[in-house]
Structure formats: C-alpha cells, structure tokens
$ cat model_19.tsv   # TSV, C-alpha atoms
chain	number	residue	atom	x	y	z
A	1	MET	CA	-93.21	175.82	68.94
A	2	LEU	CA	-94.65	175.28	65.49
A	3	THR	CA	-97.46	177.42	64.18
A	4	ALA	CA	-100.57	175.30	63.97
A	5	ALA	CA	-102.57	175.06	60.78
A	6	PRO	CA	-105.63	173.03	59.88
A	7	ILE	CA	-104.96	169.31	59.94
A	8	THR	CA	-105.20	167.61	56.58
A	9	ASP	CA	-106.14	163.97	56.93
A	10	ASN	CA	-108.28	163.14	53.94
A	11	ALA	CA	-106.92	159.74	52.97
A	12	SER	CA	-108.32	159.99	49.46
A	13	THR	CA	-106.11	163.01	48.67
A	14	LEU	CA	-102.89	161.84	50.32
A	15	ALA	CA	-100.00	160.11	48.57
A	16	ASN	CA	-99.55	156.46	49.48
A	17	GLU	CA	-96.29	157.03	51.33
A	18	VAL	CA	-97.94	159.71	53.47
A	19	ARG	CA	-100.73	157.35	54.47
A	20	TYR	CA	-98.20	154.59	55.16
A	21	LEU	CA	-96.22	156.92	57.41
A	22	GLN	CA	-99.30	158.02	59.31
A	23	GLN	CA	-100.20	154.40	59.94
A	24	LEU	CA	-96.69	153.56	61.14
A	25	ILE	CA	-96.59	156.56	63.49
A	26	ARG	CA	-99.85	155.41	65.09
A	27	PHE	CA	-98.13	152.24	66.30
A	28	ARG	CA	-96.62	153.26	69.66
A	29	SER	CA	-93.50	151.24	68.98
A	30	VAL	CA	-91.15	152.53	71.67
A	31	THR	CA	-88.08	150.28	71.81
A	32	PRO	CA	-88.29	147.29	71.91
A	33	ASP	CA	-92.07	147.00	71.53
A	34	GLU	CA	-93.10	146.74	67.88
A	35	ALA	CA	-96.69	147.50	69.00
A	36	GLY	CA	-98.13	145.95	65.83
A	37	ALA	CA	-95.95	147.86	63.36
A	38	ILE	CA	-93.94	144.86	62.19
A	39	GLY	CA	-97.08	142.75	62.03
A	40	TRP	CA	-98.72	145.36	59.80
A	41	LEU	CA	-95.60	145.69	57.64
A	42	SER	CA	-95.33	141.92	57.28
A	43	GLU	CA	-98.94	141.75	56.08
A	44	GLN	CA	-98.27	144.51	53.55
A	45	LEU	CA	-95.23	142.72	52.13
A	46	GLU	CA	-96.95	139.33	52.02
A	47	GLN	CA	-99.77	140.90	50.01
A	48	ARG	CA	-97.10	142.03	47.54
A	49	GLY	CA	-95.64	138.55	47.13
A	50	PHE	CA	-92.83	138.57	49.70
A	51	CYS	CA	-92.06	135.54	51.85
A	52	CYS	CA	-91.86	136.81	55.42
A	53	HIS	CA	-90.19	135.38	58.48
A	54	ARG	CA	-90.66	136.98	61.90
A	55	PHE	CA	-88.95	136.05	65.14
A	56	THR	CA	-89.03	137.56	68.60
A	57	ILE	CA	-86.22	137.35	71.17
A	58	ALA	CA	-86.11	139.19	74.52
A	59	GLY	CA	-89.08	141.32	73.50
A	60	VAL	CA	-87.49	142.37	70.21
A	61	THR	CA	-89.30	141.52	66.98
A	62	ASN	CA	-87.43	141.15	63.70
A	63	LEU	CA	-88.68	140.77	60.14
A	64	ILE	CA	-86.92	139.20	57.17
A	65	ALA	CA	-88.87	139.44	53.91
A	66	LYS	CA	-87.72	138.18	50.52
A	67	ILE	CA	-88.88	138.22	46.93
A	68	GLU	CA	-86.94	136.77	43.98
A	69	PHE	CA	-87.13	138.20	40.49
A	70	GLY	CA	-84.35	136.20	38.79
A	71	SER	CA	-80.59	135.88	38.74
A	72	GLY	CA	-78.76	139.01	39.73
A	73	PRO	CA	-77.71	141.00	42.80
A	74	SER	CA	-79.17	140.48	46.26
A	75	VAL	CA	-80.00	143.87	47.72
A	76	ALA	CA	-81.79	144.70	50.96
A	77	PHE	CA	-83.66	147.57	52.47
A	78	CYS	CA	-82.65	147.71	56.15
A	79	GLY	CA	-84.34	149.71	58.85
A	80	HIS	CA	-86.17	149.93	62.14
A	81	ILE	CA	-89.66	150.79	63.31
A	82	ASP	CA	-88.82	151.39	66.98
A	83	VAL	CA	-88.68	154.92	68.31
A	84	VAL	CA	-87.49	156.79	71.38
A	85	PRO	CA	-90.13	157.85	73.95
A	86	ALA	CA	-92.16	161.03	73.54
A	87	VAL	CA	-93.56	163.25	76.33
A	88	ALA	CA	-96.95	164.26	74.92
A	89	SER	CA	-97.24	167.41	77.06
A	90	ARG	CA	-94.30	168.93	75.19
A	91	TRP	CA	-95.77	168.31	71.74
A	92	GLN	CA	-98.20	170.47	69.86
A	93	CYS	CA	-100.24	167.38	68.96
A	94	ASP	CA	-100.39	163.71	69.85
A	95	PRO	CA	-96.91	162.34	69.01
A	96	PHE	CA	-98.50	159.07	67.90
A	97	ALA	CA	-101.27	160.47	65.69
A	98	GLY	CA	-99.43	161.35	62.49
A	99	ASP	CA	-101.17	164.71	62.09
A	100	ILE	CA	-100.27	166.91	59.13
A	101	ILE	CA	-99.73	170.55	60.10
A	102	ALA	CA	-98.44	173.24	57.73
A	103	GLY	CA	-97.41	170.64	55.19
A	104	GLU	CA	-95.43	168.50	57.65
A	105	ILE	CA	-96.19	165.09	59.13
A	106	ILE	CA	-95.76	165.34	62.90
A	107	GLY	CA	-95.00	162.28	64.99
A	108	ARG	CA	-92.43	160.30	66.85
A	109	GLY	CA	-90.39	158.42	64.28
A	110	ALA	CA	-91.57	160.55	61.36
A	111	ALA	CA	-87.94	161.09	60.36
A	112	ASP	CA	-86.15	158.39	62.37
A	113	MET	CA	-87.04	156.25	60.60
A	114	LYS	CA	-90.65	155.39	59.90
A	115	GLY	CA	-90.53	157.92	57.09
A	116	GLY	CA	-87.88	155.81	55.37
A	117	VAL	CA	-89.94	152.65	55.84
A	118	ALA	CA	-93.08	154.30	54.43
A	119	ALA	CA	-91.18	155.68	51.43
A	120	MET	CA	-89.59	152.32	50.74
A	121	LEU	CA	-92.97	150.59	50.83
A	122	GLU	CA	-94.30	152.92	48.13
A	123	ALA	CA	-91.06	152.55	46.17
A	124	THR	CA	-91.51	148.78	46.37
A	125	ASP	CA	-95.00	149.13	44.93
A	126	ARG	CA	-93.64	151.14	42.01
A	127	LEU	CA	-90.90	148.60	41.40
A	128	LEU	CA	-93.32	145.67	41.37
A	129	ALA	CA	-95.54	147.52	38.90
A	130	ASP	CA	-92.58	147.48	36.49
A	131	THR	CA	-92.39	143.64	36.61
A	132	PRO	CA	-88.70	143.47	37.61
A	133	SER	CA	-86.73	140.64	36.04
A	134	LYS	CA	-83.46	140.26	37.95
A	135	GLY	CA	-82.09	139.97	41.45
A	136	THR	CA	-83.43	139.21	44.93
A	137	PHE	CA	-84.94	141.91	47.14
A	138	TYR	CA	-84.91	141.69	50.93
A	139	TRP	CA	-86.53	143.73	53.67
A	140	LEU	CA	-84.71	143.56	57.03
A	141	ILE	CA	-86.58	145.35	59.82
A	142	THR	CA	-86.08	145.38	63.58
A	143	SER	CA	-87.62	146.91	66.71
A	144	ASP	CA	-84.27	147.23	68.52
A	145	GLU	CA	-82.23	149.97	66.87
A	146	GLU	CA	-82.84	152.79	69.34
A	147	GLY	CA	-81.96	150.60	72.32
A	148	GLU	CA	-78.99	148.36	73.01
A	149	ALA	CA	-79.24	146.71	69.56
A	150	GLU	CA	-78.45	143.30	71.05
A	151	TYR	CA	-81.39	141.33	69.67
A	152	GLY	CA	-82.20	143.20	66.47
A	153	SER	CA	-80.16	143.63	63.30
A	154	ALA	CA	-77.24	141.73	64.80
A	155	LEU	CA	-79.41	138.62	64.99
A	156	ILE	CA	-80.90	139.28	61.54
A	157	ALA	CA	-77.35	139.31	60.14
A	158	ASP	CA	-76.61	136.07	61.99
A	159	TYR	CA	-79.75	134.47	60.55
A	160	LEU	CA	-78.75	135.44	57.01
A	161	GLU	CA	-75.27	134.02	57.49
A	162	GLN	CA	-76.63	130.76	58.92
A	163	HIS	CA	-78.86	130.38	55.87
A	164	GLY	CA	-76.13	131.14	53.38
A	165	VAL	CA	-77.51	134.52	52.30
A	166	VAL	CA	-74.82	136.86	50.98
A	167	LEU	CA	-76.06	140.36	50.28
A	168	ASP	CA	-74.44	142.46	47.60
A	169	ALA	CA	-75.70	145.71	49.03
A	170	CYS	CA	-77.98	147.29	51.61
A	171	ILE	CA	-79.66	150.66	51.67
A	172	VAL	CA	-80.43	151.84	55.20
A	173	GLY	CA	-83.24	154.37	55.47
A	174	GLU	CA	-81.71	156.44	58.28
A	175	PRO	CA	-82.24	160.22	58.05
A	176	THR	CA	-78.96	161.34	56.49
A	177	SER	CA	-79.90	164.50	54.59
A	178	GLU	CA	-78.94	167.91	55.96
A	179	GLN	CA	-80.30	170.94	54.11
A	180	LYS	CA	-82.36	169.15	51.47
A	181	VAL	CA	-83.28	165.56	50.70
A	182	GLY	CA	-80.51	163.71	48.92
A	183	ASP	CA	-77.71	166.16	49.71
A	184	THR	CA	-75.86	163.71	51.99
A	185	ILE	CA	-75.53	159.95	52.19
A	186	LYS	CA	-73.47	157.81	54.55
A	187	ASN	CA	-71.04	155.32	53.06
A	188	GLY	CA	-69.84	154.36	56.51
A	189	ARG	CA	-69.98	155.24	60.17
A	190	ARG	CA	-67.36	155.84	62.79
A	191	GLY	CA	-67.03	153.34	65.60
A	192	ALA	CA	-68.12	154.13	69.14
A	193	LEU	CA	-66.70	153.02	72.46
A	194	SER	CA	-67.56	154.17	75.99
A	195	ALA	CA	-65.55	153.70	79.16
A	196	LYS	CA	-65.66	154.18	82.92
A	197	LEU	CA	-62.29	154.95	84.44
A	198	GLN	CA	-61.86	154.59	88.21
A	199	VAL	CA	-59.01	156.57	89.75
A	200	SER	CA	-57.73	155.46	93.15
A	201	GLY	CA	-55.63	157.66	95.41
A	202	LYS	CA	-55.01	157.92	99.13
A	203	ALA	CA	-57.24	159.92	101.44
A	204	GLY	CA	-55.96	162.21	104.16
A	205	HIS	CA	-56.18	165.65	105.73
A	206	VAL	CA	-55.91	168.55	103.32
A	207	ALA	CA	-53.40	170.23	105.66
A	208	TYR	CA	-50.95	167.39	105.13
A	209	PRO	CA	-51.06	166.69	101.36
A	210	GLU	CA	-47.62	165.09	101.49
A	211	HIS	CA	-49.26	162.06	103.11
A	212	THR	CA	-51.99	161.72	100.47
A	213	ILE	CA	-52.55	160.97	96.81
A	214	ASN	CA	-55.31	163.25	95.54
A	215	ALA	CA	-57.54	161.25	93.17
A	216	ALA	CA	-59.20	164.46	91.90
A	217	HIS	CA	-55.82	165.88	90.86
A	218	LEU	CA	-54.95	162.62	89.11
A	219	GLY	CA	-58.37	162.61	87.42
A	220	ALA	CA	-57.83	166.13	86.06
A	221	GLN	CA	-54.43	165.13	84.66
A	222	ILE	CA	-55.89	162.01	83.09
A	223	ALA	CA	-58.76	163.94	81.52
A	224	MET	CA	-56.23	166.29	79.91
A	225	ALA	CA	-54.09	163.38	78.73
A	226	LEU	CA	-57.12	161.84	77.03
A	227	GLN	CA	-57.66	165.06	75.10
A	228	GLU	CA	-54.03	165.17	73.96
A	229	ILE	CA	-54.00	161.77	72.24
A	230	VAL	CA	-53.02	162.00	68.57
A	231	TRP	CA	-54.90	159.53	66.36
A	232	HIS	CA	-52.37	158.70	63.68
A	233	LYS	CA	-54.56	156.14	61.89
A	234	ASP	CA	-57.35	158.61	61.15
A	235	ILE	CA	-58.53	158.64	57.57
A	236	GLU	CA	-59.53	161.83	55.77
A	237	GLY	CA	-63.21	162.49	56.28
A	238	SER	CA	-63.37	160.11	59.26
A	239	LYS	CA	-61.70	161.73	62.26
A	240	THR	CA	-61.52	160.31	65.77
A	241	SER	CA	-62.89	162.38	68.66
A	242	LEU	CA	-62.85	161.69	72.40
A	243	GLN	CA	-65.19	163.46	74.80
A	244	VAL	CA	-65.08	163.29	78.58
A	245	THR	CA	-68.73	162.94	79.55
A	246	GLY	CA	-68.41	162.73	83.32
A	247	LEU	CA	-65.95	163.65	86.06
A	248	HIS	CA	-67.13	162.74	89.56
A	249	VAL	CA	-65.42	162.93	92.95
A	250	PRO	CA	-67.50	161.33	95.73
A	251	ASN	CA	-66.35	163.68	98.47
A	252	SER	CA	-68.47	166.19	100.42
A	253	LEU	CA	-65.84	167.35	102.92
A	254	ASP	CA	-63.61	170.34	102.30
A	255	ASN	CA	-60.90	169.10	104.64
A	256	LEU	CA	-60.50	165.64	103.13
A	257	VAL	CA	-58.28	164.77	100.18
A	258	PRO	CA	-60.40	162.45	98.01
A	259	ALA	CA	-59.32	158.88	97.44
A	260	GLN	CA	-61.61	158.18	94.47
A	261	CYS	CA	-62.53	159.81	91.19
A	262	GLN	CA	-64.54	158.48	88.27
A	263	ILE	CA	-64.12	159.63	84.67
A	264	ASN	CA	-66.60	158.67	81.94
A	265	PHE	CA	-65.68	159.18	78.31
A	266	ASN	CA	-66.79	158.23	74.81
A	267	VAL	CA	-64.68	157.77	71.68
A	268	ARG	CA	-66.07	158.09	68.16
A	269	TYR	CA	-63.32	156.67	66.01
A	270	SER	CA	-62.27	156.49	62.39
A	271	HIS	CA	-62.63	153.30	60.38
A	272	GLY	CA	-58.84	153.20	60.41
A	273	TYR	CA	-59.24	151.62	63.85
A	274	MET	CA	-61.05	148.79	65.53
A	275	SER	CA	-62.17	148.98	69.15
A	276	ARG	CA	-59.16	146.95	70.33
A	277	ASP	CA	-56.82	149.50	68.71
A	278	ILE	CA	-58.55	152.31	70.60
A	279	GLN	CA	-58.22	150.47	73.90
A	280	LEU	CA	-54.53	149.84	73.35
A	281	GLN	CA	-53.74	153.44	72.39
A	282	ILE	CA	-55.61	154.85	75.38
A	283	GLY	CA	-53.88	152.34	77.64
A	284	GLU	CA	-50.50	153.52	76.35
A	285	ALA	CA	-51.43	157.19	76.82
A	286	LEU	CA	-52.38	156.56	80.44
A	287	SER	CA	-49.58	154.12	81.26
A	288	ARG	CA	-47.89	156.42	83.80
A	289	TRP	CA	-51.00	156.24	85.97
A	290	HIS	CA	-51.49	152.48	85.61
A	291	GLU	CA	-51.12	151.86	89.36
A	292	HIS	CA	-54.02	154.20	90.08
A	293	ILE	CA	-56.55	153.43	87.38
A	294	ASN	CA	-58.94	150.72	86.31
A	295	ILE	CA	-60.83	151.01	83.01
A	296	SER	CA	-64.03	149.15	82.12
A	297	TRP	CA	-65.04	149.35	78.44
A	298	GLU	CA	-68.69	149.49	77.39
A	299	ARG	CA	-70.89	149.29	74.29
A	300	PRO	CA	-68.30	148.80	71.53
A	301	CYS	CA	-69.72	149.55	68.08
A	302	GLU	CA	-67.26	148.78	65.31
A	303	PRO	CA	-67.01	151.17	62.33
A	304	TYR	CA	-67.80	150.28	58.75
A	305	TYR	CA	-66.88	151.80	55.42
A	306	THR	CA	-68.07	151.20	51.87
A	307	ALA	CA	-65.69	152.12	49.08
A	308	GLY	CA	-67.57	150.64	46.13
A	309	ASN	CA	-66.97	147.63	43.94
A	310	LYS	CA	-65.86	147.53	40.33
A	311	ASP	CA	-68.38	144.83	39.40
A	312	PHE	CA	-71.36	146.26	41.30
A	313	ASP	CA	-70.71	149.79	42.54
A	314	PHE	CA	-73.59	150.62	44.84
A	315	ILE	CA	-72.30	154.10	45.72
A	316	THR	CA	-72.31	155.13	42.08
A	317	LEU	CA	-75.75	153.58	41.61
A	318	VAL	CA	-77.27	155.49	44.54
A	319	GLU	CA	-75.52	158.70	43.50
A	320	GLY	CA	-77.02	158.29	40.03
A	321	ALA	CA	-80.50	157.79	41.46
A	322	ILE	CA	-80.16	160.93	43.58
A	323	PHE	CA	-78.91	162.98	40.61
A	324	GLN	CA	-81.82	161.71	38.53
A	325	CYS	CA	-84.28	162.98	41.15
A	326	THR	CA	-82.57	166.14	42.45
A	327	HIS	CA	-80.17	167.17	39.64
A	328	SER	CA	-77.28	167.25	42.12
A	329	TYR	CA	-74.90	164.70	43.57
A	330	PRO	CA	-74.79	163.89	47.29
A	331	LYS	CA	-71.94	164.43	49.71
A	332	LEU	CA	-70.43	161.23	51.13
A	333	SER	CA	-70.09	161.22	54.90
A	334	THR	CA	-69.24	158.94	57.82
A	335	SER	CA	-70.27	161.43	60.51
A	336	GLY	CA	-73.00	161.13	63.10
A	337	GLY	CA	-73.85	158.35	65.49
A	338	THR	CA	-73.83	154.63	65.00
A	339	SER	CA	-76.41	152.77	62.95
A	340	ASP	CA	-77.46	149.21	62.22
A	341	GLY	CA	-75.58	149.41	58.93
A	342	ARG	CA	-72.54	148.10	60.81
A	343	PHE	CA	-74.18	144.70	61.24
A	344	PHE	CA	-74.56	144.11	57.51
A	345	ALA	CA	-71.37	145.70	56.14
A	346	ASN	CA	-68.51	143.35	55.33
A	347	ALA	CA	-65.87	142.75	52.67
A	348	HIS	CA	-68.60	141.85	50.16
A	349	THR	CA	-71.74	143.70	51.26
A	350	GLN	CA	-71.82	147.40	50.42
A	351	VAL	CA	-73.92	149.53	52.77
A	352	ILE	CA	-75.27	152.99	52.01
A	353	GLU	CA	-77.47	155.04	54.32
A	354	CYS	CA	-79.85	157.43	52.62
A	355	GLY	CA	-82.93	159.13	54.00
A	356	VAL	CA	-84.82	162.30	54.82
A	357	ARG	CA	-83.42	165.28	56.71
A	358	ASN	CA	-82.28	164.71	60.27
A	359	HIS	CA	-82.93	168.18	61.71
A	360	THR	CA	-85.76	167.10	64.08
A	361	ILE	CA	-84.88	163.51	64.99
A	362	HIS	CA	-85.42	162.57	68.68
A	363	GLN	CA	-86.79	166.09	69.30
A	364	ASP	CA	-90.22	167.16	70.51
A	365	ASN	CA	-92.48	167.72	67.49
A	366	GLU	CA	-90.34	165.48	65.29
A	367	ARG	CA	-91.57	165.93	61.76
A	368	VAL	CA	-90.94	165.45	58.08
A	369	PRO	CA	-92.28	167.73	55.33
A	370	VAL	CA	-94.62	165.93	52.94
A	371	ASN	CA	-92.54	167.10	49.99
A	372	ASP	CA	-89.41	165.60	51.56
A	373	LEU	CA	-91.18	162.27	51.95
A	374	LEU	CA	-92.26	162.37	48.31
A	375	LYS	CA	-88.70	163.17	47.22
A	376	ILE	CA	-87.05	160.32	49.16
A	377	THR	CA	-89.68	157.98	47.73
A	378	ASP	CA	-88.60	159.03	44.24
A	379	ILE	CA	-84.94	158.41	45.15
A	380	TYR	CA	-85.69	154.96	46.54
A	381	THR	CA	-87.76	154.13	43.46
A	382	ALA	CA	-84.97	155.18	41.11
A	383	THR	CA	-82.48	153.14	43.15
A	384	LEU	CA	-84.59	149.99	43.08
A	385	ARG	CA	-85.21	150.30	39.36
A	386	LYS	CA	-81.48	150.63	38.70
A	387	VAL	CA	-80.87	147.45	40.71
A	388	PHE	CA	-83.72	145.20	39.64
A	389	ALA	CA	-85.18	146.48	36.38
$ encode --input "model_19.tsv" --output "structure tokens"
Amino acid sequence: MLTAAPITDNASTLANEVRYLQQLIRFRSVTPDEAGAIGWLSEQLEQRGFCCHRFTIAGVTNLIAKIEFGSGPSVAFCGHIDVVPAVASRWQCDPFAGDIIAGEIIGRGAADMKGGVAAMLEATDRLLADTPSKGTFYWLITSDEEGEAEYGSALIADYLEQHGVVLDACIVGEPTSEQKVGDTIKNGRRGALSAKLQVSGKAGHVAYPEHTINAAHLGAQIAMALQEIVWHKDIEGSKTSLQVTGLHVPNSLDNLVPAQCQINFNVRYSHGYMSRDIQLQIGEALSRWHEHINISWERPCEPYYTAGNKDFDFITLVEGAIFQCTHSYPKLSTSGGTSDGRFFANAHTQVIECGVRNHTIHQDNERVPVNDLLKITDIYTATLRKVFA
C-alpha cells in the first residue's frame, strides 16, 4: 500500500500533460467502452487543426486523425485509451479520479497507456507551436487493445490500406521503460499463440491397466515433450518460450483410469517464425501421439520486427531523441506481451514502442510519477521535431 500524502489538484499549477492525463483517467473506458475519452480526444485534435474520422464497430470506437504540413514522411502516433477493470476497494483512492499522491498520478490506465496519450497531446502542442513544414502526422487511437483486438487497430490498419495511406513509421505509446524513462524501447514483439490439446485414452479399472490407455500418463508425457522442443529459428534477443498453463483430468474416482486429459499452453515466439511454423513444429514434436490428440489453436498474434531503413531510419531517430532528453541511449527489446504495433508494422512501415515505466501496469494503484510523464513528453516532443521540423 502506498503512503498517502495530500492530494495536489490545482489545475493552474499543473503541467498540461498532467491535466490531460487526469482528464483521460476520469473517463471510465474499460474495454471496449471509450466512455467519452475518444470523443474528448477528437475534439482536442480538431481544435488543433486535425481532420478526424471516428467509427464504431461492435462497441469499439476508433479514431483516425490527420494533419498535413507538406511533403515528407508520414508518421503516426498509435495507442489506446481502453483499460482493464479496477476493483475500487483494493485501491487507496478512486481508480478513475486521477489523484496525485506523493508526486505520482494514480489511476487505471495512468501508465497503460493514457499517460502516453496525454504526453503525446502536449508534444503535439509543442510541435504545432514550431510551425512544422514537412510531412503528414496521424493519430491512430482505439478502445480495443486490452480485449480481443478484433475491431480496433486491425480495422484502423485496414482503413488506411483501403484509402491508400502508407505510413513510414509509427510510435506506439506503450509503457516500455524499466528502471527509468527512456531506458528501453521495443523495436518488435514476439508472436503469441495459445492452444487447447485434448488427449484421448481408454478408461478402465486401475487394477487392470493392461486393458486401458491412461490419458493422464499420456498428458504428462506430452507436457514434457512440449518443453523439450528446440526452436532452431530463434533470433538473438528474441527467444521462443512455451508454457503449459493448464493440465486437467476430469476424473474424481481413484479406481478409474482416466480416458480424457486437457492441456492448455501458450507460445511466445521469435520473429524468426510465423504462427503456421509454430503449429507445424509442435505437430512434428507430438507426432507419436497423433492417434490420441486433437489440438485447437487460439488467438494467433503474429510477431513484428523493425530493423531500420537507410533512407528514413526511425530507430536511430528515436534513439537520438531519447539521448537528447536523457543523455543515454535506450536498450532495444522485443520482450513482453503483444501490442497493437503488429497491425501497423510491415515491410515499409517502421514501428517503435516507447513509453513510461511499466512497473505498475494492470496492478491495483497503477500510477505514473509526474516527473516520468514530463520526461516522456520531452522525448515525444524531440521525436516529433526530428520528423516534422
């Protein structure tokens, strides 16, 4: 539990990005309900000269905003305003109030990732004050990142493609920093794939095992075989891992050999693979049990990786902005969970994730220090100026 201190909420003394974050937190935008957050953000961007297009599908609201400065690169800020639920009784304050306690802004989504949205809005203000002269700047925001991600950024990417929009780069405001703001950025993410594996045996009396096929024994062997797979296509810094997340035998009798066993597992895989490769390799590893198993695959999320581009190297640009603001260079990483960056990354579009620290995301009393918010705002500002100024 945090130690409470007097709440500071004097709007006249707060930095713009702090006030923006407080406002965003106060929208109870639990996936997929935008709860007014995207409406408010759209109004803010329209006031700043952006052309905004909103569309809602299956309860998910998406925002595409655009402003043109001149010829030059097309770069987008991508993010989400939806959050996971919060149980108020476990928080030290209202999780949707945006209170400031001991120099930290407390609230659901403070770090993941309304803090990134608030910082980018202030960075946009600073950019516009410089009268930028080149490029096209997009905002791509959804209310469906924390859920199944079926009707959010995937559809935004489809919309852009249908309208002939080719982005040169995206910066995703996910919380990527570890010990201090700017120490880590993501230039890719591993893929993710879940599966349910049904094992079928033959039931019978435990005293006569020779007449049975014990599904629990098969399940244990299969679980071990899954752990022993060698992933030869792994790329340095992007290793594949497989975790068994469930092992269930629906049998309550101690004198009955079970005929069924279910194994659940999840694979987080290197960008050296695609989901089909993972399925094939697992199928080969389990081939000796093929008569006894049936696998159903779920929620495939393909990996992405950004290596830079000689004509417009977005990694180097973001690294330079971070060094300018922190006097140190960030670590490149592809670790962690999936993100919406995968929907925008392709052979042409470079995607970098960069945001505040991730040490409290999805936790009770999620929070971001005010100084961290100010620092990421400076990094975003430096990045935008390098692109558009």
$ closest_residue --input "model_19.tsv" --among "A:Val199, A:Leu140, A:His359, A:Ser275" --to "Ala154 of chain A" --atoms "only C-alpha atoms"
A:Leu140
$ residues_near_point --input "model_19.tsv" --point "(-75.0, 165.9, 54.2)" --cutoff "8 Å" --atoms "all atoms listed in the file" --output "ChimeraX atom specification"
/A:176-179,182-185,330-333
$ residues_around --input "model_19.tsv" --residues "segment 206-208 of chain A" --least-positions-apart "5" --cutoff "8 Å" --atoms "all atoms listed in the file" --output "VMD selection string"
chain A and resid 254 to 257
$ atom_distance --input "model_19.tsv" --atom1 "atom CA of Ser29 of chain A" --atom2 "atom CA of Ser143 of chain A"
7.6 Å
$ atom_distance --input "model_19.tsv" --atom1 "atom CA of Ile38 of chain A" --atom2 "atom CA of Ala123 of chain A"
18.0 Å
$ atom_distance --input "model_19.tsv" --atom1 "atom CA of Thr338 of chain A" --atom2 "atom CA of Phe50 of chain A"
29.2 Å
$ closest_residue --input "model_19.tsv" --among "A:Ile156, A:Leu317, A:Ala149, A:Leu121" --to "His53 of chain A" --atoms "all atoms listed in the file"
A:Ile156
$ closest_residue --input "model_19.tsv" --among "A:Lys202, A:His80, A:Arg126, A:Arg367" --to "Asp144 of chain A" --atoms "only C-alpha atoms"
A:His80
$ closest_residue --input "model_19.tsv" --among "A:Leu384, A:Arg54, A:Tyr20, A:Leu45" --to "Tyr159 of chain A" --atoms "all atoms listed in the file"
A:Arg54
$ closest_residue --input "model_19.tsv" --among "A:Phe137, A:Tyr273, A:Phe388, A:Tyr304" --to "Ile235 of chain A" --atoms "all atoms listed in the file"
A:Tyr273
$ closest_residue --input "model_19.tsv" --among "A:Ser270, A:Thr31, A:Lys386, A:Val356" --to "Lys239 of chain A" --atoms "only C-alpha atoms"
A:Ser270
$ residues_around --input "model_19.tsv" --residues "Phe27 of chain A" --least-positions-apart "5" --cutoff "9 Å" --atoms "all atoms listed in the file" --output "number ranges by chain"
A: 34-37, 96-97
$ residues_around --input "model_19.tsv" --residues "Leu193 of chain A" --least-positions-apart "3" --cutoff "10 Å" --atoms "only C-alpha atoms" --output "PDB file with C-alpha atoms, keeping the file's coordinate frame"
ATOM      1  CA  LEU A 242     -62.850 161.690  72.400  1.00  0.00           C
ATOM      2  CA  PHE A 265     -65.680 159.180  78.310  1.00  0.00           C
ATOM      3  CA  ASN A 266     -66.790 158.230  74.810  1.00  0.00           C
ATOM      4  CA  VAL A 267     -64.680 157.770  71.680  1.00  0.00           C
ATOM      5  CA  ARG A 268     -66.070 158.090  68.160  1.00  0.00           C
ATOM      6  CA  TYR A 269     -63.320 156.670  66.010  1.00  0.00           C
ATOM      7  CA  MET A 274     -61.050 148.790  65.530  1.00  0.00           C
ATOM      8  CA  SER A 275     -62.170 148.980  69.150  1.00  0.00           C
ATOM      9  CA  ARG A 276     -59.160 146.950  70.330  1.00  0.00           C
ATOM     10  CA  ILE A 278     -58.550 152.310  70.600  1.00  0.00           C
ATOM     11  CA  GLN A 279     -58.220 150.470  73.900  1.00  0.00           C
ATOM     12  CA  TRP A 297     -65.040 149.350  78.440  1.00  0.00           C
ATOM     13  CA  GLU A 298     -68.690 149.490  77.390  1.00  0.00           C
ATOM     14  CA  ARG A 299     -70.890 149.290  74.290  1.00  0.00           C
ATOM     15  CA  PRO A 300     -68.300 148.800  71.530  1.00  0.00           C
ATOM     16  CA  CYS A 301     -69.720 149.550  68.080  1.00  0.00           C
ATOM     17  CA  GLU A 302     -67.260 148.780  65.310  1.00  0.00           C
TER      18      GLU A 302
END
$ residues_around --input "model_19.tsv" --residues "Ile361 of chain A" --least-positions-apart "6" --cutoff "8 Å" --atoms "all atoms listed in the file" --output "CSV table (one decimal) with C-alpha atoms, in the coordinates of the input"
chain,number,residue,atom,x,y,z
A,109,GLY,CA,-90.4,158.4,64.3
A,111,ALA,CA,-87.9,161.1,60.4
A,112,ASP,CA,-86.2,158.4,62.4
A,367,ARG,CA,-91.6,165.9,61.8
$ residues_around --input "model_19.tsv" --residues "Leu197 of chain A" --least-positions-apart "4" --cutoff "6 Å" --atoms "all atoms listed in the file" --output "list in words"
Gln262, Ile263, Asn294 and Ile295 of chain A
$ axis_aligned_box --input "model_19.tsv" --around "segment 99-107 of chain A" --padding-each-side "3 Å" --output "JSON"
{"center_x": -98.1, "center_y": 167.8, "center_z": 60.1, "size_x": 12.2, "size_y": 17.0, "size_z": 15.8}
